[in-house]
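Colleague: Before I ask anything, let me first share the structure, which is written out below as structure tokens.
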Amino acid sequence: MRSFLVAALLATPAALPAAEYVAPDYAQDASWLCRPGRADACAADLGTTSVAADGKLTAVTPAAPAREPEFDCFYVYPTVSTDRTGNSDMVADPAETNVARVQFAAFRNVCRPFAPLYRQVTLKALRDVMTGQPSDADRTMAYRDVAAAWASYLSRDNSGRGVVLVGHSQGSGVLKALLANAIEGKPAAKQLIAAYIPGHNVLVPVGKDVGGDLKSTPLCRRDDQTGCVLAWVSFRDGAAPPANSRFGRTTEAGMTVGCTNPAALAGGRGAAHPLLPAGPAIVDNTTPPRPWAKNARIASPFVTLPGLLSAECKAVDGANVLAIRTDADAADPRIDDIGGDVVVGGQVFADWGLHLVDVNVVQGDMLVLADKQGKAWLARNKGAATAP
């Protein structure tokens, strides 16, 4: 029952009831977490330390932000709001700012960053449902806010530019609904470079890449393919999602959960290039830093772990997941477990897999893909975009 309720709370909004709704004013810059050229969450320090298997630390010089990006990225963040109501307000709390920094700021190196605030379903609402408590969260309001932000972005900022959609968890569910309701079959479909929507099931017919949740937007299988979707749910390699799992499984006849591997789009296993937060966790700003290597003191906000992780889309016991393998060595000083589990009250929820790091375990690969797919879109649409 708990998994069913969580699924209902975070599912793609289907019917949009006729209840009175007033959209936030997205013409106001205060309604955005990130906009180009501002000193905001997406202008944060991206300093990174590489932690080698032998424990050696090497400072990685962050890529410089693109001076004149030729395409845009539009980000919808996951469930992180610490507001004590069912839906968040339009004032960014530290967790909302932090998650934009952790999951999205690095995209500024390839595109102009846009990230609207929205009245999302909060952590309190999610925890209430997970523990059997009543919740008054309104998930359709969360969708409507993002749809309003998207419409504002198109009219105010887009000017014919290509755009990569980036989400996670609740944000991915909202973006999947946006694709289905406001992009597929609409003029905006021409602007879609790709949609990266991990941490949320995207259903496709068995053996096919399109035709389930999304009717005309296929899964991406090449790094020069555009107008497509990358979707995955991460689990440790060898760990099958439980039968009641929210992620990786479906009971819908003829359907399966789509999986694309950012580290190897064409299939098979690929070396993953993580970009993990070295300090505060994704959901809060208080969790102590992880010991990335014995006696290692890391001052940078991010770490990368060369050679530690690889990823492969796998069918596991009826589920379809991105299996993350850790090639760890207990004898060396580097960390053997990157974390990423959902823990409530000290209990690990196995049905969520590595949900908290769906983005960060392959973020380096996502950035490379965004650059390649953006360039491919630009090559096919010469003269389509105007200067910002």
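In the structure tokens, chains take letters A, B, ... by order of appearance, with residues numbered from 1 within each chain and ligands from 1 in the order shown.
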Apply DSSP to the backbone of this structure and, from stretch 112-179 of chain A, keep only the residues in strand (DSSP E); write these as number ranges by chain.

Modeller: A: 112-116, 163-167

Colleague: Just asking: which residues within stretch 165-350 of chain A are helix (DSSP H, G or I) according to DSSP, as number ranges by chain?

Modeller: A: 170-183, 187-191, 350

Colleague: Restrict the selected residues to N, CA and C atoms and save them as a CSV table (one decimal), in the first residue's frame.

Modeller:
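Writing done, so here's again16.csv:
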chain,number,residue,atom,x,y,z
A,170,GLN,N,10.4,13.8,-8.9
A,170,GLN,CA,9.2,14.6,-9.1
A,170,GLN,C,9.4,15.5,-10.3
A,171,GLY,N,10.6,16.1,-10.4
A,171,GLY,CA,10.8,17.0,-11.6
A,171,GLY,C,10.7,16.3,-12.9
A,172,SER,N,11.2,15.0,-12.9
A,172,SER,CA,11.1,14.2,-14.1
A,172,SER,C,9.7,13.9,-14.5
A,173,GLY,N,8.9,13.5,-13.4
A,173,GLY,CA,7.5,13.3,-13.7
A,173,GLY,C,6.8,14.5,-14.3
A,174,VAL,N,7.1,15.6,-13.7
A,174,VAL,CA,6.5,16.8,-14.2
A,174,VAL,C,6.9,17.1,-15.7
A,175,LEU,N,8.2,16.9,-16.0
A,175,LEU,CA,8.7,17.1,-17.3
A,175,LEU,C,8.1,16.1,-18.3
A,176,LYS,N,7.9,14.9,-17.8
A,176,LYS,CA,7.2,13.9,-18.7
A,176,LYS,C,5.8,14.3,-19.1
A,177,ALA,N,5.1,14.9,-18.1
A,177,ALA,CA,3.8,15.4,-18.4
A,177,ALA,C,3.8,16.6,-19.3
A,178,LEU,N,4.8,17.5,-19.1
A,178,LEU,CA,5.0,18.6,-20.0
A,178,LEU,C,5.3,18.2,-21.4
A,179,LEU,N,6.1,17.2,-21.6
A,179,LEU,CA,6.3,16.6,-22.9
A,179,LEU,C,5.0,16.1,-23.6
A,180,ALA,N,4.2,15.4,-22.8
A,180,ALA,CA,3.0,14.8,-23.3
A,180,ALA,C,2.0,15.9,-23.6
A,181,ASN,N,1.9,16.9,-22.8
A,181,ASN,CA,0.8,17.8,-22.9
A,181,ASN,C,1.1,19.1,-23.6
A,182,ALA,N,2.4,19.6,-23.6
A,182,ALA,CA,2.7,20.9,-24.1
A,182,ALA,C,3.8,20.9,-25.1
A,183,ILE,N,4.4,19.7,-25.4
A,183,ILE,CA,5.5,19.7,-26.4
A,183,ILE,C,5.2,18.8,-27.6
A,187,PRO,N,4.3,23.3,-31.7
A,187,PRO,CA,5.5,23.9,-32.3
A,187,PRO,C,6.8,23.8,-31.4
A,188,ALA,N,6.6,23.7,-30.1
A,188,ALA,CA,7.8,23.6,-29.2
A,188,ALA,C,8.6,22.3,-29.4
A,189,ALA,N,8.0,21.3,-30.0
A,189,ALA,CA,8.7,20.1,-30.3
A,189,ALA,C,9.9,20.3,-31.1
A,190,LYS,N,9.9,21.3,-32.0
A,190,LYS,CA,11.0,21.6,-32.9
A,190,LYS,C,12.2,22.1,-32.1
A,191,GLN,N,11.9,22.7,-30.9
A,191,GLN,CA,13.0,23.2,-30.1
A,191,GLN,C,13.6,22.2,-29.1
A,350,ALA,N,14.7,-0.2,0.1
A,350,ALA,CA,15.3,-0.9,-1.0
A,350,ALA,C,14.6,-0.6,-2.3

Colleague: Can you pull out every residue within 6 Å of A:Gly248, counting only C-alpha atoms, but drop anything in the same chain fewer than 4 positions away, and send it as a PyMOL selection string?

Modeller: chain A and resi 257+319-321

Colleague: Got a sec: who's within 12 Å of A:Asp317, counting only C-alpha atoms, leaving out chain neighbours fewer than 6 positions off, as a PyMOL selection string?

Modeller: chain A and resi 238-243+245+248-249

Colleague: Save the residues we just selected, C-alpha atoms, as a tab-separated table (two decimals), in the first residue's frame?

Modeller:
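And here's out-v6.tsv as it stands now:
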chain	number	residue	atom	x	y	z
A	238	GLY	CA	22.92	-7.30	-8.72
A	239	ALA	CA	20.19	-5.76	-6.57
A	240	ALA	CA	16.77	-6.51	-8.04
A	241	PRO	CA	14.07	-3.96	-7.20
A	242	PRO	CA	11.62	-5.50	-4.71
A	243	ALA	CA	8.26	-6.66	-6.05
A	245	SER	CA	9.18	-1.18	-6.12
A	248	GLY	CA	11.87	-0.06	-12.66
A	249	ARG	CA	8.65	-2.09	-12.64

Colleague: Got a sec: who's within 8 Å of stretch 307-314 of chain A, counting only C-alpha atoms, leaving out chain neighbours fewer than 6 positions off, as a PyMOL selection string?

Modeller: chain A and resi 53+259-261+263-264+267-274+320-328+361

Colleague: Generate the output file for the selected residues, C-alpha atoms, as an mmCIF file, in the first residue's frame.

Modeller:
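Output file again_31.cif is given in full below:
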data_model
loop_
_atom_site.group_PDB
_atom_site.id
_atom_site.type_symbol
_atom_site.label_atom_id
_atom_site.label_comp_id
_atom_site.auth_asym_id
_atom_site.auth_seq_id
_atom_site.Cartn_x
_atom_site.Cartn_y
_atom_site.Cartn_z
ATOM 1 C CA ALA A 53 42.075 4.474 -6.251
ATOM 2 C CA CYS A 259 16.212 2.577 -19.728
ATOM 3 C CA THR A 260 18.910 4.620 -21.444
ATOM 4 C CA ASN A 261 22.472 4.579 -20.207
ATOM 5 C CA ALA A 263 27.546 6.177 -20.183
ATOM 6 C CA ALA A 264 26.776 3.909 -23.183
ATOM 7 C CA GLY A 267 23.953 -0.405 -25.130
ATOM 8 C CA GLY A 268 26.221 -2.486 -22.949
ATOM 9 C CA ARG A 269 28.318 -1.392 -19.985
ATOM 10 C CA GLY A 270 30.143 1.900 -19.947
ATOM 11 C CA ALA A 271 32.489 3.617 -17.521
ATOM 12 C CA ALA A 272 30.449 6.143 -15.568
ATOM 13 C CA HIS A 273 31.796 9.624 -14.896
ATOM 14 C CA PRO A 274 30.261 10.792 -11.627
ATOM 15 C CA ASN A 320 14.465 -2.723 -16.055
ATOM 16 C CA VAL A 321 17.108 -0.598 -14.327
ATOM 17 C CA LEU A 322 20.408 1.196 -14.754
ATOM 18 C CA ALA A 323 22.711 -1.165 -12.842
ATOM 19 C CA ILE A 324 25.556 0.746 -11.177
ATOM 20 C CA ARG A 325 28.608 -1.409 -10.490
ATOM 21 C CA THR A 326 31.222 -0.304 -7.973
ATOM 22 C CA ASP A 327 34.672 -1.715 -8.704
ATOM 23 C CA ALA A 328 35.898 -1.135 -5.192
ATOM 24 C CA VAL A 361 26.518 9.017 -10.769
#

Colleague: Between A:Cys228, A:Leu46, A:Val316, A:Met255, which is the closest to A:Val102 once you count only C-alpha atoms?

Modeller: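 Closest to A:Val102 of all the choices is A:Leu46.
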